[in-house]
>>> print(open('upload02.tsv').read())   # TSV, C-alpha atoms
chain	number	residue	atom	x	y	z
W	1	MET	CA	6.56	-4.79	0.74
W	2	TYR	CA	9.91	-5.19	-1.05
W	3	GLY	CA	12.01	-3.22	1.40
W	4	LYS	CA	13.92	-0.45	-0.31
W	5	LEU	CA	13.76	-2.08	-3.74
W	6	SER	CA	12.11	0.24	-6.23
W	7	GLU	CA	9.90	-1.09	-9.00
W	8	SER	CA	12.85	-0.78	-11.42
W	9	ASP	CA	15.17	-2.65	-9.00
W	10	LEU	CA	12.57	-5.39	-8.70
W	11	ALA	CA	12.08	-5.50	-12.47
W	12	GLN	CA	15.84	-5.86	-12.97
W	13	LEU	CA	16.00	-8.76	-10.49
W	14	GLN	CA	12.96	-10.37	-12.15
W	15	LEU	CA	14.65	-10.10	-15.53
W	16	GLN	CA	17.85	-11.65	-14.18
W	17	ALA	CA	15.92	-14.50	-12.54
W	18	GLN	CA	13.94	-15.18	-15.73
W	19	GLN	CA	17.02	-15.08	-17.94
W	20	GLN	CA	18.66	-17.86	-15.98
W	21	PRO	CA	17.86	-21.30	-17.37
W	22	GLN	CA	18.21	-22.57	-13.81
W	23	ARG	CA	16.96	-20.56	-10.87
W	24	LEU	CA	19.57	-22.22	-8.65
W	25	LYS	CA	22.27	-20.71	-10.83
W	26	PHE	CA	20.63	-17.30	-10.34
W	27	LEU	CA	20.75	-17.75	-6.55
W	28	ILE	CA	24.38	-18.83	-6.62
W	29	GLN	CA	25.20	-15.75	-8.71
W	30	GLN	CA	23.37	-13.61	-6.17
W	31	ALA	CA	25.41	-15.23	-3.38
W	32	ALA	CA	28.55	-13.86	-5.00
W	33	THR	CA	27.18	-10.31	-4.65
W	34	LEU	CA	26.80	-10.52	-0.86
W	35	PRO	CA	29.59	-8.59	0.88
W	36	ILE	CA	31.98	-10.81	2.82
W	37	MET	CA	31.19	-11.03	6.52
W	38	PRO	CA	34.32	-10.94	8.71
W	39	HIS	CA	35.00	-14.32	10.28
W	40	ALA	CA	35.13	-12.70	13.74
W	41	LEU	CA	31.40	-11.93	13.44
W	42	LYS	CA	30.45	-15.54	12.75
W	43	THR	CA	29.78	-16.29	16.40
W	44	SER	CA	27.02	-18.21	18.13
W	45	GLU	CA	25.47	-14.96	19.34
W	46	ASN	CA	25.13	-13.77	15.72
W	47	GLU	CA	23.76	-17.11	14.48
W	48	VAL	CA	20.09	-17.18	13.53
W	49	HIS	CA	18.49	-20.30	14.91
W	50	GLY	CA	15.74	-22.07	13.03
W	51	CYS	CA	17.61	-22.08	9.74
W	52	GLU	CA	18.35	-25.26	7.81
W	53	ALA	CA	21.91	-24.12	7.17
W	54	GLN	CA	24.09	-22.00	9.42
W	55	VAL	CA	23.20	-18.32	9.04
W	56	TRP	CA	24.83	-15.33	10.70
W	57	LEU	CA	23.26	-11.89	10.99
W	58	VAL	CA	24.46	-8.54	12.28
W	59	ALA	CA	21.89	-5.74	12.03
W	60	GLU	CA	22.82	-2.22	13.10
W	61	TRP	CA	20.96	1.07	12.75
W	62	ARG	CA	22.92	4.16	11.81
W	63	GLU	CA	21.09	7.46	11.32
W	64	ASP	CA	17.79	5.57	10.85
W	65	LEU	CA	19.18	3.36	8.10
W	66	LEU	CA	19.74	-0.37	8.46
W	67	GLU	CA	23.25	-1.78	7.98
W	68	LEU	CA	23.28	-5.52	7.46
W	69	GLN	CA	25.91	-8.20	7.44
W	70	LEU	CA	24.70	-11.66	6.45
W	71	ASP	CA	26.36	-14.96	5.64
W	72	SER	CA	25.60	-18.67	5.37
W	73	ALA	CA	27.53	-21.87	4.92
W	74	SER	CA	25.13	-22.82	2.08
W	75	ARG	CA	25.53	-21.09	-1.30
W	76	VAL	CA	21.80	-21.34	-2.07
W	77	VAL	CA	20.85	-19.85	1.30
W	78	LYS	CA	23.53	-17.22	0.82
W	79	GLY	CA	21.89	-16.32	-2.52
W	80	LEU	CA	18.53	-15.93	-0.79
W	81	LEU	CA	20.20	-13.83	1.91
W	82	ALA	CA	21.69	-11.65	-0.85
W	83	LEU	CA	18.15	-10.88	-2.04
W	84	ILE	CA	17.14	-9.90	1.51
W	85	TYR	CA	20.33	-7.82	1.76
W	86	GLN	CA	19.51	-5.97	-1.48
W	87	ALA	CA	16.00	-5.26	-0.22
W	88	LEU	CA	16.88	-4.17	3.32
W	89	ASN	CA	20.46	-2.93	3.59
W	90	GLY	CA	20.18	0.86	3.76
W	91	ALA	CA	16.41	0.67	4.30
W	92	THR	CA	14.43	2.92	6.61
W	93	PRO	CA	12.53	1.57	9.63
W	94	ALA	CA	9.24	1.84	7.69
W	95	GLN	CA	10.68	-0.11	4.73
W	96	VAL	CA	12.01	-2.81	7.04
W	97	ALA	CA	8.70	-3.09	8.91
W	98	ALA	CA	6.73	-3.37	5.65
W	99	PHE	CA	9.06	-5.96	4.05
W	100	GLN	CA	7.36	-9.23	3.09
W	101	LEU	CA	9.65	-12.14	2.26
W	102	ASP	CA	6.93	-14.18	0.58
W	103	ALA	CA	5.99	-11.27	-1.70
W	104	LEU	CA	9.62	-10.84	-2.79
W	105	LEU	CA	10.05	-14.56	-3.51
W	106	ALA	CA	6.77	-14.62	-5.48
W	107	ALA	CA	7.70	-11.50	-7.45
W	108	LEU	CA	11.00	-13.10	-8.46
W	109	GLY	CA	9.37	-16.44	-9.34
W	110	LEU	CA	11.30	-18.24	-6.61
W	111	ASP	CA	8.52	-19.07	-4.16
W	112	ASP	CA	7.92	-22.59	-5.47
W	113	MET	CA	11.58	-23.59	-5.15
W	114	VAL	CA	12.07	-22.56	-1.52
W	115	SER	CA	11.17	-25.45	0.78
W	116	THR	CA	9.03	-24.92	3.86
W	117	SER	CA	11.95	-25.47	6.22
W	118	ARG	CA	14.21	-23.09	4.26
W	119	ARG	CA	11.40	-20.51	4.10
W	120	ASN	CA	10.93	-20.79	7.88
W	121	GLY	CA	14.64	-20.15	8.36
W	122	LEU	CA	14.51	-17.10	6.09
W	123	ARG	CA	11.48	-15.85	7.99
W	124	ALA	CA	13.52	-16.18	11.20
W	125	VAL	CA	16.19	-13.97	9.58
W	126	VAL	CA	13.61	-11.37	8.53
W	127	THR	CA	11.98	-11.44	11.98
W	128	ALA	CA	15.38	-10.90	13.63
W	129	ILE	CA	16.07	-7.98	11.29
W	130	GLN	CA	12.65	-6.44	11.87
W	131	SER	CA	13.02	-6.74	15.65
W	132	SER	CA	16.58	-5.35	15.66
W	133	ARG	CA	15.22	-1.82	16.02
W	134	ASP	CA	13.47	-2.58	19.33
>>> encode(input="upload02.tsv", output="structure tokens")
Amino acid sequence: MYGKLSESDLAQLQLQAQQQPQRLKFLIQQAATLPIMPHALKTSENEVHGCEAQVWLVAEWREDLLELQLDSASRVVKGLLALIYQALNGATPAQVAAFQLDALLAALGLDDMVSTSRRNGLRAVVTAIQSSRD
């Protein structure tokens, strides 16, 4: 449900989210943890459509583990992508297939601050990741 995040990983993220007086600040801090995506990969073919802000995704499978590269022009979206990255980068096919974005957002107390349009864009990212194995 949470990708490759263990219960202790999830508890640590929950603690970090709760310690922040502003959840937006938490997301911006998470954005800083996302590895830098090379500019050459920010192409129209790697852009995920349906997102409110520009989002780029490269998903590759190596030895049955997912390798992700994600980026966005928006710092808030980038923070949300960083949470997806933490949950799915290095995940197995079964972990990727079982991942539920809404469950992760609810567990971190962020579900009420993610608008419907932003959530739909994030779902498009997760769908693209989950179908990358096909």
>>> atom_distance(input="upload02.tsv", atom1="CA of Gln14 (chain W)", atom2="CA of Gly121 (chain W)")
22.8 Å
>>> axis_aligned_box(input="upload02.tsv", around="region 110-121 of chain W", padding_each_side="4 Å", output="JSON")
{"center_x": 11.3, "center_y": -21.9, "center_z": 0.9, "size_x": 14.7, "size_y": 15.2, "size_z": 23.0}
>>> closest_residue(input="upload02.tsv", among="W:Ala124, W:Leu15, W:Leu88, W:Leu83", to="Glu60 (chain W)", atoms="all atoms listed in the file")
W:Leu88
>>> atom_distance(input="upload02.tsv", atom1="CA of Asn46 (chain W)", atom2="CA of Ala97 (chain W)")
20.7 Å
>>> atom_distance(input="upload02.tsv", atom1="CA of Ile36 (chain W)", atom2="CA of Leu65 (chain W)")
19.8 Å
>>> closest_residue(input="upload02.tsv", among="W:Lys4, W:Arg62, W:Arg23, W:Arg133", to="Gln100 (chain W)", atoms="only C-alpha atoms")
W:Lys4
>>> closest_residue(input="upload02.tsv", among="W:Leu68, W:Leu5, W:Cys51, W:Ala40", to="Ser117 (chain W)", atoms="all atoms listed in the file")
W:Cys51
>>> closest_residue(input="upload02.tsv", among="W:Leu24, W:Ser132, W:Leu122, W:Gly79", to="Glu67 (chain W)", atoms="all atoms listed in the file")
W:Ser132
>>> residues_around(input="upload02.tsv", residues="Ala73 (chain W)", least_positions_apart="2", cutoff="7 Å", atoms="all atoms listed in the file", output="count of residues only")
4
>>> closest_residue(input="upload02.tsv", among="W:Asp102, W:Leu57, W:Ala31, W:Ala17", to="Ala128 (chain W)", atoms="all atoms listed in the file")
W:Leu57
>>> closest_residue(input="upload02.tsv", among="W:Met113, W:Ala91, W:Ile84, W:Val76", to="Glu52 (chain W)", atoms="only C-alpha atoms")
W:Val76
>>> residues_around(input="upload02.tsv", residues="Gln86 (chain W)", least_positions_apart="3", cutoff="12 Å", atoms="all atoms listed in the file", output="PDB file with C-alpha atoms, keeping the file's coordinate frame")
ATOM      1  CA  TYR W   2       9.910  -5.190  -1.050  1.00  0.00           C
ATOM      2  CA  GLY W   3      12.010  -3.220   1.400  1.00  0.00           C
ATOM      3  CA  LYS W   4      13.920  -0.450  -0.310  1.00  0.00           C
ATOM      4  CA  LEU W   5      13.760  -2.080  -3.740  1.00  0.00           C
ATOM      5  CA  SER W   6      12.110   0.240  -6.230  1.00  0.00           C
ATOM      6  CA  ASP W   9      15.170  -2.650  -9.000  1.00  0.00           C
ATOM      7  CA  LEU W  10      12.570  -5.390  -8.700  1.00  0.00           C
ATOM      8  CA  LEU W  13      16.000  -8.760 -10.490  1.00  0.00           C
ATOM      9  CA  GLN W  30      23.370 -13.610  -6.170  1.00  0.00           C
ATOM     10  CA  ALA W  31      25.410 -15.230  -3.380  1.00  0.00           C
ATOM     11  CA  THR W  33      27.180 -10.310  -4.650  1.00  0.00           C
ATOM     12  CA  LEU W  34      26.800 -10.520  -0.860  1.00  0.00           C
ATOM     13  CA  PRO W  35      29.590  -8.590   0.880  1.00  0.00           C
ATOM     14  CA  LEU W  66      19.740  -0.370   8.460  1.00  0.00           C
ATOM     15  CA  GLU W  67      23.250  -1.780   7.980  1.00  0.00           C
ATOM     16  CA  LEU W  68      23.280  -5.520   7.460  1.00  0.00           C
ATOM     17  CA  GLN W  69      25.910  -8.200   7.440  1.00  0.00           C
ATOM     18  CA  LEU W  70      24.700 -11.660   6.450  1.00  0.00           C
ATOM     19  CA  GLY W  79      21.890 -16.320  -2.520  1.00  0.00           C
ATOM     20  CA  LEU W  80      18.530 -15.930  -0.790  1.00  0.00           C
ATOM     21  CA  LEU W  81      20.200 -13.830   1.910  1.00  0.00           C
ATOM     22  CA  ALA W  82      21.690 -11.650  -0.850  1.00  0.00           C
ATOM     23  CA  LEU W  83      18.150 -10.880  -2.040  1.00  0.00           C
ATOM     24  CA  ASN W  89      20.460  -2.930   3.590  1.00  0.00           C
ATOM     25  CA  GLY W  90      20.180   0.860   3.760  1.00  0.00           C
ATOM     26  CA  ALA W  91      16.410   0.670   4.300  1.00  0.00           C
ATOM     27  CA  VAL W  96      12.010  -2.810   7.040  1.00  0.00           C
ATOM     28  CA  PHE W  99       9.060  -5.960   4.050  1.00  0.00           C
ATOM     29  CA  LEU W 104       9.620 -10.840  -2.790  1.00  0.00           C
TER      30      LEU W 104
END
>>> decode(input="upload02.tsv", residues="region 10-59 of chain W", atoms="N, CA and C atoms", output="PDB file, in the first residue's frame")
ATOM      1  N   LEU W  10       7.453   4.994   7.351  1.00  0.00           N
ATOM      2  CA  LEU W  10       6.207   5.750   7.352  1.00  0.00           C
ATOM      3  C   LEU W  10       6.060   6.541   8.651  1.00  0.00           C
ATOM      4  N   ALA W  11       6.384   5.915   9.768  1.00  0.00           N
ATOM      5  CA  ALA W  11       6.297   6.596  11.061  1.00  0.00           C
ATOM      6  C   ALA W  11       7.236   7.799  11.113  1.00  0.00           C
ATOM      7  N   GLN W  12       8.423   7.653  10.524  1.00  0.00           N
ATOM      8  CA  GLN W  12       9.376   8.773  10.501  1.00  0.00           C
ATOM      9  C   GLN W  12       8.827   9.928   9.659  1.00  0.00           C
ATOM     10  N   LEU W  13       8.256   9.612   8.493  1.00  0.00           N
ATOM     11  CA  LEU W  13       7.656  10.662   7.659  1.00  0.00           C
ATOM     12  C   LEU W  13       6.464  11.306   8.365  1.00  0.00           C
ATOM     13  N   GLN W  14       5.656  10.502   9.051  1.00  0.00           N
ATOM     14  CA  GLN W  14       4.514  11.040   9.790  1.00  0.00           C
ATOM     15  C   GLN W  14       4.993  12.012  10.860  1.00  0.00           C
ATOM     16  N   LEU W  15       6.040  11.621  11.568  1.00  0.00           N
ATOM     17  CA  LEU W  15       6.592  12.478  12.614  1.00  0.00           C
ATOM     18  C   LEU W  15       7.093  13.794  12.029  1.00  0.00           C
ATOM     19  N   GLN W  16       7.815  13.719  10.916  1.00  0.00           N
ATOM     20  CA  GLN W  16       8.311  14.930  10.265  1.00  0.00           C
ATOM     21  C   GLN W  16       7.158  15.830   9.826  1.00  0.00           C
ATOM     22  N   ALA W  17       6.121  15.234   9.254  1.00  0.00           N
ATOM     23  CA  ALA W  17       4.973  16.017   8.779  1.00  0.00           C
ATOM     24  C   ALA W  17       4.258  16.679   9.946  1.00  0.00           C
ATOM     25  N   GLN W  18       4.130  15.966  11.069  1.00  0.00           N
ATOM     26  CA  GLN W  18       3.428  16.502  12.230  1.00  0.00           C
ATOM     27  C   GLN W  18       4.246  17.554  12.961  1.00  0.00           C
ATOM     28  N   GLN W  19       5.572  17.460  12.867  1.00  0.00           N
ATOM     29  CA  GLN W  19       6.424  18.419  13.556  1.00  0.00           C
ATOM     30  C   GLN W  19       6.448  19.768  12.851  1.00  0.00           C
ATOM     31  N   GLN W  20       6.084  19.777  11.595  1.00  0.00           N
ATOM     32  CA  GLN W  20       6.098  21.026  10.845  1.00  0.00           C
ATOM     33  C   GLN W  20       4.860  21.843  11.171  1.00  0.00           C
ATOM     34  N   PRO W  21       5.046  23.101  11.569  1.00  0.00           N
ATOM     35  CA  PRO W  21       3.879  23.931  11.855  1.00  0.00           C
ATOM     36  C   PRO W  21       3.049  24.157  10.590  1.00  0.00           C
ATOM     37  N   GLN W  22       3.687  24.073   9.461  1.00  0.00           N
ATOM     38  CA  GLN W  22       2.987  24.241   8.185  1.00  0.00           C
ATOM     39  C   GLN W  22       3.326  23.054   7.306  1.00  0.00           C
ATOM     40  N   ARG W  23       2.286  22.381   6.842  1.00  0.00           N
ATOM     41  CA  ARG W  23       2.513  21.203   6.002  1.00  0.00           C
ATOM     42  C   ARG W  23       3.149  21.581   4.668  1.00  0.00           C
ATOM     43  N   LEU W  24       2.891  22.800   4.198  1.00  0.00           N
ATOM     44  CA  LEU W  24       3.540  23.238   2.956  1.00  0.00           C
ATOM     45  C   LEU W  24       5.050  23.289   3.126  1.00  0.00           C
ATOM     46  N   LYS W  25       5.488  23.735   4.286  1.00  0.00           N
ATOM     47  CA  LYS W  25       6.922  23.780   4.562  1.00  0.00           C
ATOM     48  C   LYS W  25       7.505  22.367   4.526  1.00  0.00           C
ATOM     49  N   PHE W  26       6.776  21.400   5.066  1.00  0.00           N
ATOM     50  CA  PHE W  26       7.203  19.997   5.034  1.00  0.00           C
ATOM     51  C   PHE W  26       7.386  19.545   3.584  1.00  0.00           C
ATOM     52  N   LEU W  27       6.412  19.866   2.730  1.00  0.00           N
ATOM     53  CA  LEU W  27       6.505  19.451   1.323  1.00  0.00           C
ATOM     54  C   LEU W  27       7.681  20.113   0.617  1.00  0.00           C
ATOM     55  N   ILE W  28       7.915  21.372   0.904  1.00  0.00           N
ATOM     56  CA  ILE W  28       9.042  22.072   0.278  1.00  0.00           C
ATOM     57  C   ILE W  28      10.363  21.468   0.752  1.00  0.00           C
ATOM     58  N   GLN W  29      10.416  21.069   2.016  1.00  0.00           N
ATOM     59  CA  GLN W  29      11.617  20.390   2.516  1.00  0.00           C
ATOM     60  C   GLN W  29      11.795  19.038   1.831  1.00  0.00           C
ATOM     61  N   GLN W  30      10.695  18.338   1.603  1.00  0.00           N
ATOM     62  CA  GLN W  30      10.775  17.061   0.899  1.00  0.00           C
ATOM     63  C   GLN W  30      11.265  17.268  -0.528  1.00  0.00           C
ATOM     64  N   ALA W  31      10.832  18.357  -1.166  1.00  0.00           N
ATOM     65  CA  ALA W  31      11.254  18.657  -2.544  1.00  0.00           C
ATOM     66  C   ALA W  31      12.770  18.728  -2.639  1.00  0.00           C
ATOM     67  N   ALA W  32      13.400  19.242  -1.598  1.00  0.00           N
ATOM     68  CA  ALA W  32      14.865  19.374  -1.604  1.00  0.00           C
ATOM     69  C   ALA W  32      15.570  18.017  -1.540  1.00  0.00           C
ATOM     70  N   THR W  33      14.850  16.969  -1.146  1.00  0.00           N
ATOM     71  CA  THR W  33      15.461  15.641  -1.053  1.00  0.00           C
ATOM     72  C   THR W  33      15.403  14.881  -2.382  1.00  0.00           C
ATOM     73  N   LEU W  34      14.611  15.357  -3.319  1.00  0.00           N
ATOM     74  CA  LEU W  34      14.458  14.659  -4.597  1.00  0.00           C
ATOM     75  C   LEU W  34      15.728  14.840  -5.431  1.00  0.00           C
ATOM     76  N   PRO W  35      16.327  13.738  -5.871  1.00  0.00           N
ATOM     77  CA  PRO W  35      17.542  13.867  -6.696  1.00  0.00           C
ATOM     78  C   PRO W  35      17.275  14.714  -7.942  1.00  0.00           C
ATOM     79  N   ILE W  36      18.285  15.458  -8.346  1.00  0.00           N
ATOM     80  CA  ILE W  36      18.144  16.351  -9.503  1.00  0.00           C
ATOM     81  C   ILE W  36      18.014  15.529 -10.782  1.00  0.00           C
ATOM     82  N   MET W  37      17.004  15.868 -11.563  1.00  0.00           N
ATOM     83  CA  MET W  37      16.801  15.210 -12.853  1.00  0.00           C
ATOM     84  C   MET W  37      17.581  15.991 -13.900  1.00  0.00           C
ATOM     85  N   PRO W  38      18.410  15.308 -14.704  1.00  0.00           N
ATOM     86  CA  PRO W  38      19.160  16.019 -15.745  1.00  0.00           C
ATOM     87  C   PRO W  38      18.219  16.751 -16.698  1.00  0.00           C
ATOM     88  N   HIS W  39      18.606  17.952 -17.059  1.00  0.00           N
ATOM     89  CA  HIS W  39      17.778  18.784 -17.929  1.00  0.00           C
ATOM     90  C   HIS W  39      17.466  18.082 -19.259  1.00  0.00           C
ATOM     91  N   ALA W  40      18.388  17.276 -19.744  1.00  0.00           N
ATOM     92  CA  ALA W  40      18.194  16.573 -21.022  1.00  0.00           C
ATOM     93  C   ALA W  40      17.015  15.610 -20.975  1.00  0.00           C
ATOM     94  N   LEU W  41      16.603  15.193 -19.775  1.00  0.00           N
ATOM     95  CA  LEU W  41      15.469  14.273 -19.651  1.00  0.00           C
ATOM     96  C   LEU W  41      14.128  14.988 -19.546  1.00  0.00           C
ATOM     97  N   LYS W  42      14.177  16.304 -19.404  1.00  0.00           N
ATOM     98  CA  LYS W  42      12.935  17.074 -19.285  1.00  0.00           C
ATOM     99  C   LYS W  42      12.400  17.396 -20.682  1.00  0.00           C
ATOM    100  N   THR W  43      11.929  16.339 -21.332  1.00  0.00           N
ATOM    101  CA  THR W  43      11.429  16.445 -22.699  1.00  0.00           C
ATOM    102  C   THR W  43       9.922  16.224 -22.706  1.00  0.00           C
ATOM    103  N   SER W  44       9.297  16.537 -23.823  1.00  0.00           N
ATOM    104  CA  SER W  44       7.854  16.344 -23.924  1.00  0.00           C
ATOM    105  C   SER W  44       7.480  14.869 -23.826  1.00  0.00           C
ATOM    106  N   GLU W  45       8.352  13.986 -24.278  1.00  0.00           N
ATOM    107  CA  GLU W  45       8.016  12.555 -24.184  1.00  0.00           C
ATOM    108  C   GLU W  45       8.098  12.035 -22.754  1.00  0.00           C
ATOM    109  N   ASN W  46       8.811  12.717 -21.877  1.00  0.00           N
ATOM    110  CA  ASN W  46       8.881  12.328 -20.467  1.00  0.00           C
ATOM    111  C   ASN W  46       7.918  13.128 -19.591  1.00  0.00           C
ATOM    112  N   GLU W  47       7.169  14.038 -20.192  1.00  0.00           N
ATOM    113  CA  GLU W  47       6.212  14.844 -19.431  1.00  0.00           C
ATOM    114  C   GLU W  47       4.950  14.035 -19.166  1.00  0.00           C
ATOM    115  N   VAL W  48       4.451  14.131 -17.947  1.00  0.00           N
ATOM    116  CA  VAL W  48       3.209  13.448 -17.575  1.00  0.00           C
ATOM    117  C   VAL W  48       2.076  14.441 -17.780  1.00  0.00           C
ATOM    118  N   HIS W  49       1.170  14.101 -18.654  1.00  0.00           N
ATOM    119  CA  HIS W  49       0.047  14.990 -18.945  1.00  0.00           C
ATOM    120  C   HIS W  49      -1.082  14.745 -17.952  1.00  0.00           C
ATOM    121  N   GLY W  50      -1.824  15.790 -17.679  1.00  0.00           N
ATOM    122  CA  GLY W  50      -2.893  15.702 -16.699  1.00  0.00           C
ATOM    123  C   GLY W  50      -2.511  16.319 -15.373  1.00  0.00           C
ATOM    124  N   CYS W  51      -1.289  16.801 -15.287  1.00  0.00           N
ATOM    125  CA  CYS W  51      -0.821  17.437 -14.055  1.00  0.00           C
ATOM    126  C   CYS W  51      -1.050  18.937 -14.133  1.00  0.00           C
ATOM    127  N   GLU W  52      -1.326  19.528 -12.982  1.00  0.00           N
ATOM    128  CA  GLU W  52      -1.528  20.966 -12.881  1.00  0.00           C
ATOM    129  C   GLU W  52      -0.248  21.726 -13.242  1.00  0.00           C
ATOM    130  N   ALA W  53       0.853  21.240 -12.740  1.00  0.00           N
ATOM    131  CA  ALA W  53       2.167  21.822 -13.027  1.00  0.00           C
ATOM    132  C   ALA W  53       2.916  20.854 -13.936  1.00  0.00           C
ATOM    133  N   GLN W  54       3.950  21.346 -14.590  1.00  0.00           N
ATOM    134  CA  GLN W  54       4.756  20.452 -15.423  1.00  0.00           C
ATOM    135  C   GLN W  54       5.423  19.403 -14.546  1.00  0.00           C
ATOM    136  N   VAL W  55       5.322  18.143 -14.980  1.00  0.00           N
ATOM    137  CA  VAL W  55       5.935  17.024 -14.271  1.00  0.00           C
ATOM    138  C   VAL W  55       6.613  16.138 -15.299  1.00  0.00           C
ATOM    139  N   TRP W  56       7.844  15.732 -14.976  1.00  0.00           N
ATOM    140  CA  TRP W  56       8.594  14.814 -15.839  1.00  0.00           C
ATOM    141  C   TRP W  56       8.854  13.532 -15.068  1.00  0.00           C
ATOM    142  N   LEU W  57       8.787  12.414 -15.781  1.00  0.00           N
ATOM    143  CA  LEU W  57       8.976  11.102 -15.183  1.00  0.00           C
ATOM    144  C   LEU W  57       9.783  10.216 -16.110  1.00  0.00           C
ATOM    145  N   VAL W  58      10.789   9.558 -15.551  1.00  0.00           N
ATOM    146  CA  VAL W  58      11.505   8.484 -16.231  1.00  0.00           C
ATOM    147  C   VAL W  58      11.483   7.306 -15.262  1.00  0.00           C
ATOM    148  N   ALA W  59      10.887   6.197 -15.712  1.00  0.00           N
ATOM    149  CA  ALA W  59      10.797   4.985 -14.896  1.00  0.00           C
ATOM    150  C   ALA W  59      11.478   3.856 -15.649  1.00  0.00           C
TER     151      ALA W  59
END
